[in-house]
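Asker: Input final37.cif, format and content: mmCIF, C-alpha atoms.
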data_run
loop_
_atom_site.label_atom_id
_atom_site.label_comp_id
_atom_site.auth_asym_id
_atom_site.auth_seq_id
_atom_site.Cartn_x
_atom_site.Cartn_y
_atom_site.Cartn_z
CA MET J 1 0.00 0.00 0.00
CA THR J 2 2.71 2.47 1.08
CA ALA J 3 4.98 1.43 -1.77
CA ASP J 4 2.10 1.85 -4.25
CA PHE J 5 1.30 5.29 -2.83
CA ILE J 6 4.91 6.41 -3.19
CA ALA J 7 5.18 4.93 -6.69
CA THR J 8 2.06 6.81 -7.77
CA LEU J 9 3.33 10.08 -6.32
CA LYS J 10 6.70 9.58 -7.97
CA ALA J 11 5.12 8.93 -11.36
CA GLU J 12 2.99 12.07 -11.02
CA TRP J 13 6.02 14.18 -10.12
CA PHE J 14 8.11 12.71 -12.95
CA GLU J 15 5.32 13.70 -15.33
CA ARG J 16 5.38 17.24 -13.93
CA PHE J 17 9.15 17.47 -14.40
CA ASP J 18 8.85 16.26 -17.98
CA GLN J 19 6.19 18.89 -18.56
CA ILE J 20 8.28 21.67 -16.97
CA LEU J 21 11.27 20.78 -19.12
CA ASP J 22 9.09 20.62 -22.20
CA ASP J 23 7.47 23.99 -21.43
CA SER J 24 10.81 25.58 -20.63
CA LYS J 25 11.66 25.50 -24.33
CA THR J 26 9.07 28.23 -24.82
CA ILE J 27 9.87 30.25 -21.67
CA PRO J 28 11.50 33.60 -22.51
CA SER J 29 15.18 33.93 -21.76
CA SER J 30 16.06 35.15 -18.28
CA ASN J 31 18.63 37.52 -19.79
CA LEU J 32 20.94 36.78 -16.86
CA LYS J 33 24.61 37.25 -17.70
CA CYS J 34 25.76 34.24 -15.71
CA LEU J 35 28.87 33.52 -17.75
CA GLU J 36 29.96 37.13 -18.08
CA LEU J 37 29.17 38.52 -14.64
CA CYS J 38 29.18 35.60 -12.26
CA GLN J 39 31.32 32.75 -10.98
CA ALA J 40 28.53 30.30 -10.07
CA ARG J 41 27.54 32.22 -6.95
CA CYS J 42 24.24 30.36 -6.79
CA CYS J 43 25.77 26.88 -7.10
CA PRO J 44 26.78 25.26 -3.80
CA ARG J 45 30.35 24.38 -4.56
CA ALA J 46 33.73 23.64 -3.07
CA GLY J 47 35.55 26.83 -2.17
CA MET J 48 32.37 28.80 -1.53
CA ARG J 49 32.86 28.76 2.25
CA SER J 50 35.83 31.03 1.96
CA LEU J 51 33.98 33.64 -0.10
CA PRO J 52 32.78 36.84 1.62
CA VAL J 53 29.08 36.53 2.53
CA GLY J 54 28.20 39.25 0.00
CA GLU J 55 29.61 37.15 -2.82
CA VAL J 56 27.44 34.12 -2.15
CA ALA J 57 24.08 34.30 -3.91
CA SER J 58 22.83 30.92 -2.68
CA PRO J 59 24.75 28.17 -0.89
CA VAL J 60 21.82 25.74 -1.07
CA VAL J 61 19.62 24.09 -3.70
CA VAL J 62 16.40 22.50 -2.46
CA LEU J 63 14.90 19.89 -4.72
CA LEU J 64 11.19 19.26 -5.15
CA PRO J 65 9.63 15.98 -4.04
CA PHE J 66 11.08 13.18 -6.19
CA GLU J 67 13.27 15.64 -8.11
CA MET J 68 16.35 13.92 -6.68
CA GLU J 69 15.08 10.60 -8.04
CA TYR J 70 14.36 12.28 -11.39
CA LEU J 71 17.89 13.66 -11.58
CA ILE J 72 19.32 10.29 -10.63
CA GLU J 73 17.33 8.68 -13.41
CA LYS J 74 18.45 11.31 -15.92
CA THR J 75 22.13 11.41 -14.97
CA GLY J 76 22.92 8.12 -13.25
CA VAL J 77 24.56 9.82 -10.25
CA SER J 78 24.46 8.21 -6.83
CA LYS J 79 21.91 9.13 -4.18
CA GLU J 80 24.83 9.57 -1.77
CA LEU J 81 25.77 12.81 -3.50
CA PHE J 82 22.68 14.53 -2.13
CA ARG J 83 21.84 15.53 1.41
CA ARG J 84 18.54 13.84 2.07
CA TRP J 85 16.02 15.29 4.49
CA PRO J 86 13.09 13.25 5.73
CA LEU J 87 9.67 14.65 4.88
CA ALA J 88 6.68 12.92 6.47
CA LEU J 89 3.61 12.92 4.24
CA THR J 90 1.54 10.71 6.55
CA PRO J 91 2.39 8.92 9.82
CA GLN J 92 3.36 5.89 7.71
CA VAL J 93 4.94 7.55 4.67
CA THR J 94 8.16 9.52 4.82
CA ILE J 95 9.98 10.47 1.64
CA GLU J 96 13.41 12.03 1.22
CA ILE J 97 13.94 15.49 -0.18
CA GLY J 98 17.29 16.04 -1.85
CA MET J 99 19.40 19.08 -1.15
CA LEU J 100 22.78 20.33 -2.29
CA ASP J 101 24.73 22.53 0.11
CA LEU J 102 28.27 23.39 1.09
CA GLY J 103 28.67 20.02 2.82
CA LYS J 104 27.19 18.22 -0.20
CA PRO J 105 28.32 20.45 -3.05
CA CYS J 106 26.74 20.29 -6.49
CA PRO J 107 28.08 17.23 -8.35
CA PHE J 108 26.98 18.66 -11.68
CA LEU J 109 29.13 21.77 -11.67
CA LYS J 110 32.08 21.45 -14.03
CA ASP J 111 35.56 22.80 -13.39
CA ASN J 112 34.83 25.73 -15.68
CA LEU J 113 31.85 26.56 -13.40
CA GLN J 114 29.29 25.59 -16.01
CA CYS J 115 26.38 23.26 -15.36
CA SER J 116 26.74 19.80 -16.83
CA ILE J 117 22.99 19.12 -16.70
CA HIS J 118 21.68 22.46 -17.87
CA GLU J 119 18.97 20.85 -20.01
CA HIS J 120 17.32 19.25 -16.98
CA ASN J 121 18.69 21.05 -13.95
CA PRO J 122 16.56 21.44 -10.78
CA LEU J 123 13.70 23.93 -10.75
CA ASP J 124 15.30 25.81 -7.85
CA CYS J 125 18.37 26.44 -10.08
CA ARG J 126 16.28 27.08 -13.14
CA THR J 127 14.23 29.83 -11.50
CA PHE J 128 16.95 31.51 -9.41
CA PRO J 129 17.25 34.44 -8.57
CA LEU J 130 13.48 34.30 -8.07
CA LEU J 131 12.71 32.68 -4.74
CA PRO J 132 9.19 31.58 -3.85
CA VAL J 133 8.05 32.13 -0.27
CA LEU J 134 4.86 30.73 1.20
CA ASN J 135 3.49 33.41 3.52
CA HIS J 136 1.46 32.93 6.73
CA ARG J 137 -1.79 33.05 4.76
CA GLY J 138 -0.62 30.18 2.57
CA SER J 139 -0.13 32.23 -0.59
CA LEU J 140 2.98 32.70 -2.69
CA GLU J 141 5.24 35.72 -2.37
CA TRP J 142 8.51 36.36 -4.16
CA GLU J 143 11.97 37.36 -3.09
CA LEU J 144 15.06 37.99 -5.17
CA GLY J 145 18.46 36.44 -4.55
CA GLU J 146 20.12 39.68 -3.55
CA ASN J 147 23.71 38.73 -4.33
CA CYS J 148 23.02 37.71 -7.90
CA PRO J 149 25.19 40.06 -9.98
CA SER J 150 22.79 39.81 -12.93
CA LEU J 151 19.63 40.95 -11.15
CA ILE J 152 19.46 44.16 -13.09
CA HIS J 153 19.20 42.20 -16.35
CA LEU J 154 16.37 39.91 -15.21
CA ASN J 155 13.69 39.71 -17.90
CA ALA J 156 10.17 40.52 -16.63
CA LYS J 157 8.60 38.04 -19.05
CA PHE J 158 10.80 35.28 -17.68
CA VAL J 159 9.71 36.28 -14.16
CA ASP J 160 6.04 35.97 -15.10
CA ALA J 161 6.62 32.57 -16.67
CA VAL J 162 8.51 31.30 -13.62
CA LYS J 163 5.79 32.49 -11.27
CA GLU J 164 3.27 30.57 -13.31
CA VAL J 165 5.33 27.37 -13.09
CA TRP J 166 5.49 27.64 -9.28
CA SER J 167 1.82 28.56 -9.01
CA ASP J 168 0.94 25.42 -10.96
CA LEU J 169 3.02 23.34 -8.54
CA MET J 170 1.50 24.92 -5.42
CA PRO J 171 -1.43 22.52 -4.98
CA HIS J 172 0.94 19.55 -5.13
CA LEU J 173 3.52 20.74 -2.63
CA PRO J 174 2.97 19.70 0.98
CA ARG J 175 3.29 22.39 3.65
CA ALA J 176 6.23 20.45 5.12
CA TRP J 177 8.15 20.99 1.88
CA TRP J 178 7.69 24.75 2.22
CA ASP J 179 8.94 24.52 5.80
CA LEU J 180 12.06 22.77 4.49
CA TYR J 181 12.47 25.44 1.81
CA ALA J 182 12.21 28.17 4.46
CA PHE J 183 14.69 26.33 6.69
CA ALA J 184 17.20 26.36 3.82
CA ASP J 185 17.53 30.12 4.34
CA HIS J 186 19.27 29.27 7.61
CA TRP J 187 21.44 26.45 6.38
CA THR J 188 24.67 26.32 4.44
CA GLY J 189 25.58 22.69 5.04
CA TRP J 190 27.25 20.84 7.82
CA PRO J 191 30.95 21.49 7.39
CA GLN J 192 32.46 18.89 9.68
CA SER J 193 33.68 15.43 8.89
CA VAL J 194 31.61 12.37 9.72
CA GLU J 195 33.93 11.59 12.62
CA GLN J 196 33.52 15.05 14.13
CA VAL J 197 29.74 14.87 13.84
CA ASN J 198 29.57 11.42 15.38
CA ALA J 199 31.90 12.42 18.18
CA ALA J 200 29.96 15.62 19.00
CA MET C 1 16.06 43.69 25.81
CA PRO C 2 14.93 43.94 29.43
CA LEU C 3 12.03 41.85 30.71
CA GLU C 4 8.68 43.67 30.43
CA VAL C 5 6.40 42.52 33.21
CA ASN C 6 3.50 44.60 31.87
CA GLY C 7 1.98 43.16 28.70
CA PRO C 8 -0.96 43.82 26.37
CA ASN C 9 -4.40 44.64 27.80
CA GLY C 10 -3.25 44.95 31.39
CA ALA C 11 -1.58 41.52 31.52
CA THR C 12 1.25 41.09 34.01
CA LEU C 13 4.02 38.53 34.26
CA HIS C 14 4.81 36.68 37.50
CA GLU C 15 7.73 34.36 38.10
CA VAL C 16 6.81 31.32 40.18
CA HIS C 17 9.27 30.24 42.85
CA ALA C 18 9.05 26.86 44.52
CA ASP C 19 9.26 28.36 48.00
CA ALA C 20 6.49 30.91 47.41
CA GLY C 21 2.74 30.48 47.18
CA LEU C 22 2.15 30.42 43.44
CA VAL C 23 3.31 26.88 42.70
CA GLU C 24 -0.07 25.29 43.30
CA THR C 25 -1.76 28.02 41.25
CA ALA C 26 0.66 27.28 38.41
CA CYS C 27 -0.04 23.53 38.63
CA GLU C 28 -3.81 24.05 38.67
CA LEU C 29 -3.67 26.37 35.67
CA PHE C 30 -1.30 23.99 33.89
CA GLU C 31 -3.72 21.10 34.43
CA SER C 32 -6.67 23.11 33.20
CA ILE C 33 -4.92 24.35 30.06
CA PHE C 34 -3.16 21.07 29.32
CA PRO C 35 -5.57 18.44 30.74
CA GLN C 36 -3.96 15.69 28.66
CA ASP C 37 -0.65 16.39 30.42
CA HIS C 38 -1.99 16.56 33.99
CA ARG C 39 0.44 13.81 35.06
CA TYR C 40 3.33 16.16 34.34
CA ALA C 41 2.39 18.57 37.14
CA PRO C 42 5.41 17.37 39.22
CA TYR C 43 7.60 18.63 36.34
CA VAL C 44 6.06 22.09 36.80
CA ARG C 45 6.89 21.97 40.53
CA ALA C 46 10.45 20.85 39.76
CA CYS C 47 10.94 23.66 37.23
CA ALA C 48 9.70 26.22 39.76
CA ARG C 49 12.85 25.47 41.77
CA GLY C 50 14.99 27.02 39.05
CA THR C 51 17.65 24.40 39.49
CA HIS C 52 16.79 20.78 40.18
CA PRO C 53 19.13 17.79 40.59
CA SER C 54 17.09 15.90 37.98
CA HIS C 55 17.71 18.71 35.49
CA PRO C 56 21.45 19.23 35.96
CA LYS C 57 22.02 21.09 32.70
CA THR C 58 19.05 23.43 32.62
CA TYR C 59 18.02 26.56 34.46
CA ASP C 60 14.24 26.46 34.61
CA HIS C 61 11.47 29.02 34.77
CA VAL C 62 7.76 28.87 35.49
CA TRP C 63 5.81 32.03 34.72
CA LEU C 64 2.19 32.94 35.24
CA VAL C 65 0.24 35.63 33.42
CA ARG C 66 -2.46 37.56 35.25
CA GLN C 67 -5.12 39.67 33.59
CA GLY C 68 -8.30 41.22 34.96
CA GLY C 69 -7.73 39.64 38.36
CA GLU C 70 -7.46 36.11 36.89
CA TRP C 71 -4.55 33.81 36.18
CA VAL C 72 -4.80 33.32 32.42
CA GLY C 73 -1.49 32.00 31.16
CA VAL C 74 1.38 29.71 32.03
CA ARG C 75 4.85 29.48 30.55
CA ILE C 76 7.48 26.83 31.39
CA PHE C 77 10.90 26.98 29.79
CA SER C 78 14.59 26.44 30.47
CA PHE C 79 17.95 27.78 29.49
CA ILE C 80 20.35 24.95 28.60
CA THR C 81 23.42 25.94 30.58
CA THR C 82 25.84 23.94 28.41
CA ARG C 83 24.64 25.61 25.19
CA ALA C 84 23.56 29.06 24.05
CA PHE C 85 19.86 28.36 23.65
CA GLY C 86 16.82 27.24 25.57
CA HIS C 87 13.91 24.85 25.51
CA GLY C 88 10.30 25.97 25.66
CA ALA C 89 8.30 23.19 27.29
CA TYR C 90 4.84 24.77 27.57
CA ILE C 91 3.05 27.97 26.65
CA GLY C 92 -0.70 28.18 27.07
CA PHE C 93 -3.58 30.48 27.85
CA THR C 94 -7.14 30.09 29.02
CA GLU C 95 -9.70 30.28 26.21
CA SER C 96 -10.79 33.84 27.04
CA ALA C 97 -7.23 35.19 27.04
CA ARG C 98 -6.42 34.02 23.51
CA GLY C 99 -6.23 36.29 20.48
CA GLN C 100 -4.90 39.36 22.32
CA GLY C 101 -1.23 39.06 21.44
CA LEU C 102 -0.30 37.67 24.85
CA GLY C 103 1.46 34.69 23.28
CA ARG C 104 3.75 36.84 21.14
CA TRP C 105 4.50 39.04 24.11
CA LEU C 106 5.37 35.99 26.19
CA VAL C 107 7.66 34.71 23.41
CA GLU C 108 9.49 38.04 23.41
CA GLN C 109 9.85 37.91 27.20
CA THR C 110 11.14 34.35 26.94
CA HIS C 111 13.87 35.56 24.57
CA ALA C 112 14.71 38.41 26.98
CA GLN C 113 14.95 36.00 29.93
CA LEU C 114 17.10 33.53 27.98
CA GLU C 115 19.44 36.34 27.00
CA MET C 116 19.88 37.19 30.70
CA ASP C 117 20.30 33.51 31.56
CA ALA C 118 22.95 33.12 28.88
CA GLN C 119 24.95 35.95 30.37
CA LYS C 120 24.48 34.55 33.87
CA PHE C 121 26.07 31.32 32.67
CA GLY C 122 28.94 33.03 30.91
CA LYS C 123 27.71 32.88 27.32
CA PRO C 124 27.72 35.83 24.93
CA GLY C 125 23.95 35.55 24.59
CA SER C 126 21.06 33.32 23.60
CA ILE C 127 20.38 32.39 19.98
CA GLY C 128 16.79 31.35 20.76
CA TYR C 129 14.96 28.28 21.91
CA LEU C 130 13.56 24.98 20.73
CA VAL C 131 10.01 23.76 21.05
CA GLU C 132 8.34 20.52 20.13
CA VAL C 133 5.04 20.81 18.28
CA GLU C 134 2.59 18.06 17.32
CA ARG C 135 2.55 17.14 13.64
CA THR C 136 -0.74 17.83 11.90
CA ILE C 137 -0.45 14.51 10.06
CA ASP C 138 -0.75 12.63 13.37
CA ALA C 139 -4.10 14.22 14.30
CA HIS C 140 -6.91 11.76 14.96
CA SER C 141 -9.71 14.16 14.13
CA GLU C 142 -10.32 17.32 12.15
CA GLN C 143 -10.53 19.30 15.40
CA GLU C 144 -7.16 17.91 16.54
CA ARG C 145 -5.66 18.69 13.14
CA ARG C 146 -6.88 22.29 13.30
CA GLU C 147 -5.50 22.62 16.83
CA SER C 148 -2.06 21.32 15.74
CA GLU C 149 -2.07 23.65 12.75
CA ARG C 150 -3.06 26.58 15.00
CA ARG C 151 -0.09 25.86 17.30
CA LEU C 152 2.34 25.54 14.42
CA GLN C 153 0.99 28.71 12.84
CA PHE C 154 1.45 30.59 16.13
CA HIS C 155 5.11 29.61 16.17
CA ARG C 156 5.55 30.43 12.47
CA GLN C 157 4.17 33.92 13.12
CA CYS C 158 6.71 34.30 15.91
CA GLY C 159 9.47 33.64 13.37
CA ALA C 160 9.87 29.91 13.95
CA ILE C 161 12.01 27.70 11.73
CA ILE C 162 10.62 24.18 11.39
CA LEU C 163 13.72 22.00 11.46
CA PRO C 164 13.87 19.08 8.99
CA VAL C 165 14.61 16.57 11.71
CA GLN C 166 12.96 13.23 12.43
CA PHE C 167 12.37 14.08 16.05
CA ILE C 168 10.84 11.71 18.57
CA GLU C 169 9.79 13.30 21.84
CA PRO C 170 10.73 11.12 24.81
CA VAL C 171 8.04 10.52 27.41
CA MET C 172 10.05 12.27 30.11
CA ILE C 173 13.52 13.40 31.08
CA GLU C 174 15.59 10.31 31.90
CA GLY C 175 16.03 9.43 35.56
CA VAL C 176 13.99 12.17 37.23
CA ASN C 177 13.31 11.63 40.92
CA TYR C 178 9.82 13.15 40.98
CA LEU C 179 8.04 10.92 38.47
CA SER C 180 8.23 7.17 38.11
CA PRO C 181 7.56 5.12 34.96
CA ALA C 182 4.35 3.94 36.65
CA ASP C 183 3.16 7.57 36.90
CA LEU C 184 3.44 7.85 33.14
CA GLU C 185 2.05 4.46 32.22
CA GLY C 186 0.38 4.55 28.82
CA GLU C 187 2.47 7.44 27.55
CA SER C 188 4.73 6.66 24.62
CA PRO C 189 7.35 8.60 22.65
CA ARG C 190 5.77 10.65 19.87
CA PRO C 191 7.06 12.01 16.56
CA MET C 192 6.97 15.80 16.72
CA HIS C 193 8.11 18.81 14.74
CA LEU C 194 11.30 20.23 16.20
CA VAL C 195 10.94 23.97 15.92
CA PHE C 196 13.52 26.66 16.55
CA LEU C 197 12.53 30.17 17.56
CA PRO C 198 15.56 32.33 16.89
CA SER C 199 16.25 35.41 18.97
CA GLU C 200 17.57 38.53 17.27
CA ARG C 201 21.05 37.07 17.76
CA GLY C 202 19.91 33.74 16.29
CA ARG C 203 18.35 35.39 13.24
CA ALA C 204 21.71 36.95 12.42
CA LEU C 205 23.43 33.55 12.16
CA VAL C 206 24.45 32.60 8.64
CA SER C 207 23.91 28.92 9.31
CA LEU C 208 22.20 26.97 12.06
CA ASP C 209 24.23 24.33 13.87
CA LEU C 210 21.61 21.60 13.75
CA VAL C 211 23.71 19.00 15.53
CA ASN C 212 24.22 21.35 18.46
CA LEU C 213 20.49 22.04 18.64
CA ILE C 214 19.55 18.36 18.48
CA LEU C 215 22.17 17.25 21.00
CA GLY C 216 21.33 20.14 23.33
CA LEU C 217 17.77 18.95 23.58
CA TYR C 218 18.32 15.21 23.61
CA LEU C 219 21.45 14.98 25.73
CA ASP C 220 21.23 18.00 28.03
CA VAL C 221 17.47 18.33 28.50
CA TYR C 222 16.18 14.77 28.10
CA ARG C 223 19.45 13.24 29.28
CA LEU C 224 19.52 10.56 26.59
CA SER C 225 22.82 8.90 25.81
CA ASN C 226 24.78 9.82 22.71
CA ASP C 227 24.09 6.42 21.16
CA HIS C 228 20.34 6.48 21.79
CA PRO C 229 18.34 5.52 18.66
CA PHE C 230 16.40 8.83 18.79
CA VAL C 231 19.68 10.75 18.66
CA HIS C 232 21.00 8.62 15.85
CA GLN C 233 17.82 9.00 13.81
CA ALA C 234 17.73 12.78 14.23
CA ILE C 235 21.30 13.42 13.15
CA SER C 236 21.63 10.76 10.47
CA PRO C 237 21.04 13.15 7.53
CA LEU C 238 23.81 15.31 8.98
CA SER C 239 26.37 12.62 9.52
CA GLU C 240 26.54 11.87 5.81
CA VAL C 241 28.99 14.57 4.89
CA LYS C 242 31.16 14.79 1.86
CA PRO C 243 34.75 15.10 3.16
#
Output the file's structure in the form of structure tokens.

Answerer:
Amino acid sequence: MTADFIATLKAEWFERFDQILDDSKTIPSSNLKCLELCQARCCPRAGMRSLPVGEVASPVVVLLPFEMEYLIEKTGVSKELFRRWPLALTPQVTIEIGMLDLGKPCPFLKDNLQCSIHEHNPLDCRTFPLLPVLNHRGSLEWELGENCPSLIHLNAKFVDAVKEVWSDLMPHLPRAWWDLYAFADHWTGWPQSVEQVNAA
Amino acid sequence: MPLEVNGPNGATLHEVHADAGLVETACELFESIFPQDHRYAPYVRACARGTHPSHPKTYDHVWLVRQGGEWVGVRIFSFITTRAFGHGAYIGFTESARGQGLGRWLVEQTHAQLEMDAQKFGKPGSIGYLVEVERTIDAHSEQERRESERRLQFHRQCGAIILPVQFIEPVMIEGVNYLSPADLEGESPRPMHLVFLPSERGRALVSLDLVNLILGLYLDVYRLSNDHPFVHQAISPLSEVKP
């Protein structure tokens, strides 16, 4: 029963990801000058810890439910490369939400700071520097990643399209996922070694 | 921020001391606001002592709120003397006292007290406190679900961060001398949300030290051992770290 429930959810989310990627072909360009103006400030990567705070646009990527599994299927990477947070959907069903952070840096970032999976990268990456926030009334608000050096170039039509994508996902995202997304604002990734954590 | 003993709509704050007369009032109010937890009244008495041998790593507080000549609210919380944060065990008001902003005021006063406690114990200050909140998914009825959601929403509005931790609330602090297992027969550990309410100092942190928060609560408040399964479960997502 539980396995069937999870399999159904997973299939539904995979379908949504396929649709998002398909639709993204018609989404207007963001106009961000990532290659010219930035050095992957929104990609959690090795070396980022030593950057001044003002030079980090986002040290964390939060994946949607089953987006980690989708990426694994698309790229063949190991689950171990992601931080995996438990998210309880019912008392009996807990799924894992993938995250990349400074303790689990992005495995898809190449040495030249370009994304190796740009054609199907996570929605959180795809829509940055727009950041959805679920307010107290349960409706969506938007923030901007303030340290993105390309903000000034952000295309308004791209913004509208991104907002629509997130609005379409809203009914399918459990409140607990939004709590995790909000938590990520206060998290950069556990920096210590396994031994240090276990000995703490 | 200094403690403000005068709150909204004429409410006043009163610290309960074990050797003064308010302990029984606090226990009675506690039992009326939290009838399901009436067996934990000895914990309220123990906390009113400030320091208790069964709570060797916490400095405890019991507060009462008075309004219009009635006792309307109770607050029980502790500063964890080995860390730089606290634990909020209970906050509750009588039905008629709700919806006036007393809860938010009490949260602010809790932060102010913890800041003073931190300095008393030689820390630079308090980063906030942890609370455990029922999960809405565990509710057995629509009314229970709404009540859980109301509690969680109250904490969210106070700036709470819901921590992504598989947290199981132990039945009681290990080895206390004022409650026996027989007193708590029928109680069992429950999965809960672990929620952090950051103080101003805590909000300024770039990154939360989740392991410190989890261990502070499990080891120093509940007195579980480092290898307890609850501890292991809570920190397992954190112990998988890329070198």

Asker: With the cut-off set at 9 Å and counting only C-alpha atoms, tabulate each residue of chain C with an atom at most that distance from an atom of chain J, showing the nearest atom pair and its distance in Å to one decimal, ordered by chain and increasing number, as a Markdown table.

Answerer:
| residue | atom | partner | partner_atom | distance |
| --- | --- | --- | --- | --- |
| C:Ile137 | CA | J:Thr90 | CA | 5.5 |
| C:Asp138 | CA | J:Pro91 | CA | 6.0 |
| C:Gln153 | CA | J:His136 | CA | 7.4 |
| C:Arg156 | CA | J:His136 | CA | 7.5 |
| C:Gln157 | CA | J:His136 | CA | 7.0 |
| C:Ile161 | CA | J:Phe183 | CA | 5.9 |
| C:Ile162 | CA | J:Asp179 | CA | 5.8 |
| C:Leu163 | CA | J:Phe183 | CA | 6.5 |
| C:Pro164 | CA | J:Leu180 | CA | 6.1 |
| C:Val165 | CA | J:Pro86 | CA | 7.0 |
| C:Gln166 | CA | J:Pro86 | CA | 6.7 |
| C:Pro191 | CA | J:Pro91 | CA | 8.8 |
| C:Arg203 | CA | J:His186 | CA | 8.4 |
| C:Leu205 | CA | J:His186 | CA | 7.5 |
| C:Val206 | CA | J:His186 | CA | 6.2 |
| C:Ser207 | CA | J:Trp187 | CA | 4.6 |
| C:Leu208 | CA | J:Trp187 | CA | 5.8 |
| C:Asp209 | CA | J:Trp190 | CA | 7.6 |
| C:Leu210 | CA | J:Trp190 | CA | 8.2 |
| C:Val211 | CA | J:Val197 | CA | 7.5 |
| C:Asn212 | CA | J:Ala200 | CA | 8.1 |
| C:Leu215 | CA | J:Ala200 | CA | 8.2 |
| C:Asn226 | CA | J:Ala200 | CA | 8.6 |
| C:Ile235 | CA | J:Val197 | CA | 8.6 |
| C:Pro237 | CA | J:Arg84 | CA | 6.0 |
| C:Leu238 | CA | J:Trp190 | CA | 6.6 |
| C:Ser239 | CA | J:Val194 | CA | 5.2 |
| C:Glu240 | CA | J:Val194 | CA | 6.4 |
| C:Val241 | CA | J:Gly103 | CA | 5.8 |
| C:Lys242 | CA | J:Lys104 | CA | 5.6 |
| C:Pro243 | CA | J:Ser193 | CA | 5.8 |

Asker: Using all atoms listed in the file for the distances, tell me which of C:Arg223, C:His155, C:His55, C:Arg190 is nearest to Val107 in chain C.

Answerer: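 Residue with the minimum atom-to-atom distance to Val107 in chain C: C:His155.
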
Asker: Find the residues with any atom within 7 Å of (6.9, 32.7, 41.1); use all atoms listed in the file and the coordinates as given in the file, and write the answer as a PyMOL selection string.

Answerer: chain C and resi 14-17+20+22+62-63

Asker: Limited to C-alpha atoms, could you put the picked residues into a file as a PDB file, keeping the file's coordinate frame?

Answerer:
ATOM      1  CA  HIS C  14       4.810  36.680  37.500  1.00  0.00           C
ATOM      2  CA  GLU C  15       7.730  34.360  38.100  1.00  0.00           C
ATOM      3  CA  VAL C  16       6.810  31.320  40.180  1.00  0.00           C
ATOM      4  CA  HIS C  17       9.270  30.240  42.850  1.00  0.00           C
ATOM      5  CA  ALA C  20       6.490  30.910  47.410  1.00  0.00           C
ATOM      6  CA  LEU C  22       2.150  30.420  43.440  1.00  0.00           C
ATOM      7  CA  VAL C  62       7.760  28.870  35.490  1.00  0.00           C
ATOM      8  CA  TRP C  63       5.810  32.030  34.720  1.00  0.00           C
TER       9      TRP C  63
END

Asker: Provide the CA of Asp4 in chain J to CA of Glu69 in chain J distance in Å, to one decimal place.

Answerer: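 Here the two named atoms are 16.1 Å from each other.
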
Asker: Just to confirm, what's the straight-line distance from CA of Val65 in chain C to CA of Gln100 in chain C in Å (one decimal)?

Answerer: 12.8 Å

Asker: Exactly which residues make up the result of the PyMOL selection byres ((chain C and resi 177) around 12) on this file, given as number ranges by chain?

Answerer: C: 42-43, 46, 52-55, 172-176, 178-181, 183

Asker: For the file shown, what are the residues hit by the PyMOL selection byres ((chain J and resi 20-23) around 12), laid out as a VMD selection string?

Answerer: chain J and resid 13 to 19 24 to 28 67 70 118 to 123 126 to 127 161 to 162 164 to 166 168 to 169

Asker: Considering all atoms listed in the file, return as a PyMOL selection string whatever protein or nucleic-acid residues lie within 8 Å of Thr51 in chain C, sequence-local ones (same chain, fewer than 6 positions apart) excluded.

Answerer: chain C and resi 58-60

Asker: Using the chain letters and numbers from the file, give me the residues hit by the PyMOL selection byres ((chain C and resi 12) around 10), as a compact mmCIF listing (two decimals) with C-alpha atoms, in the coordinates of the input.

Answerer:
# COMPACT_ATOMS: atom_id res chain seq x y z
CA GLU C 4 8.68 43.67 30.43
CA VAL C 5 6.40 42.52 33.21
CA ASN C 6 3.50 44.60 31.87
CA GLY C 7 1.98 43.16 28.70
CA PRO C 8 -0.96 43.82 26.37
CA ASN C 9 -4.40 44.64 27.80
CA GLY C 10 -3.25 44.95 31.39
CA ALA C 11 -1.58 41.52 31.52
CA LEU C 13 4.02 38.53 34.26
CA HIS C 14 4.81 36.68 37.50
CA LEU C 64 2.19 32.94 35.24
CA VAL C 65 0.24 35.63 33.42
CA ARG C 66 -2.46 37.56 35.25
CA GLN C 67 -5.12 39.67 33.59
CA GLY C 68 -8.30 41.22 34.96
CA TRP C 71 -4.55 33.81 36.18
CA VAL C 72 -4.80 33.32 32.42
CA GLY C 73 -1.49 32.00 31.16
CA LEU C 102 -0.30 37.67 24.85

Asker: What does the distance from CA of Cys115 in chain J to CA of Val60 in chain J come to in Å, to one decimal?

Answerer: 15.2 Å

Asker: Taking all atoms listed in the file into account, name the residue in J:Gly138, J:Pro59, J:Ala11, J:Leu130 that is nearest to Asn155 in chain J.

Answerer: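 Counting all atoms listed in the file, the residue closest to Asn155 in chain J is J:Leu130.
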
Asker: Find the residue from C:Gly21, C:Pro189, C:Gly50, C:Gly86 that sits nearest to Gly216 in chain C; use all atoms listed in the file when measuring.

Answerer: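 For Gly216 in chain C, the nearest of the candidates is C:Gly86.
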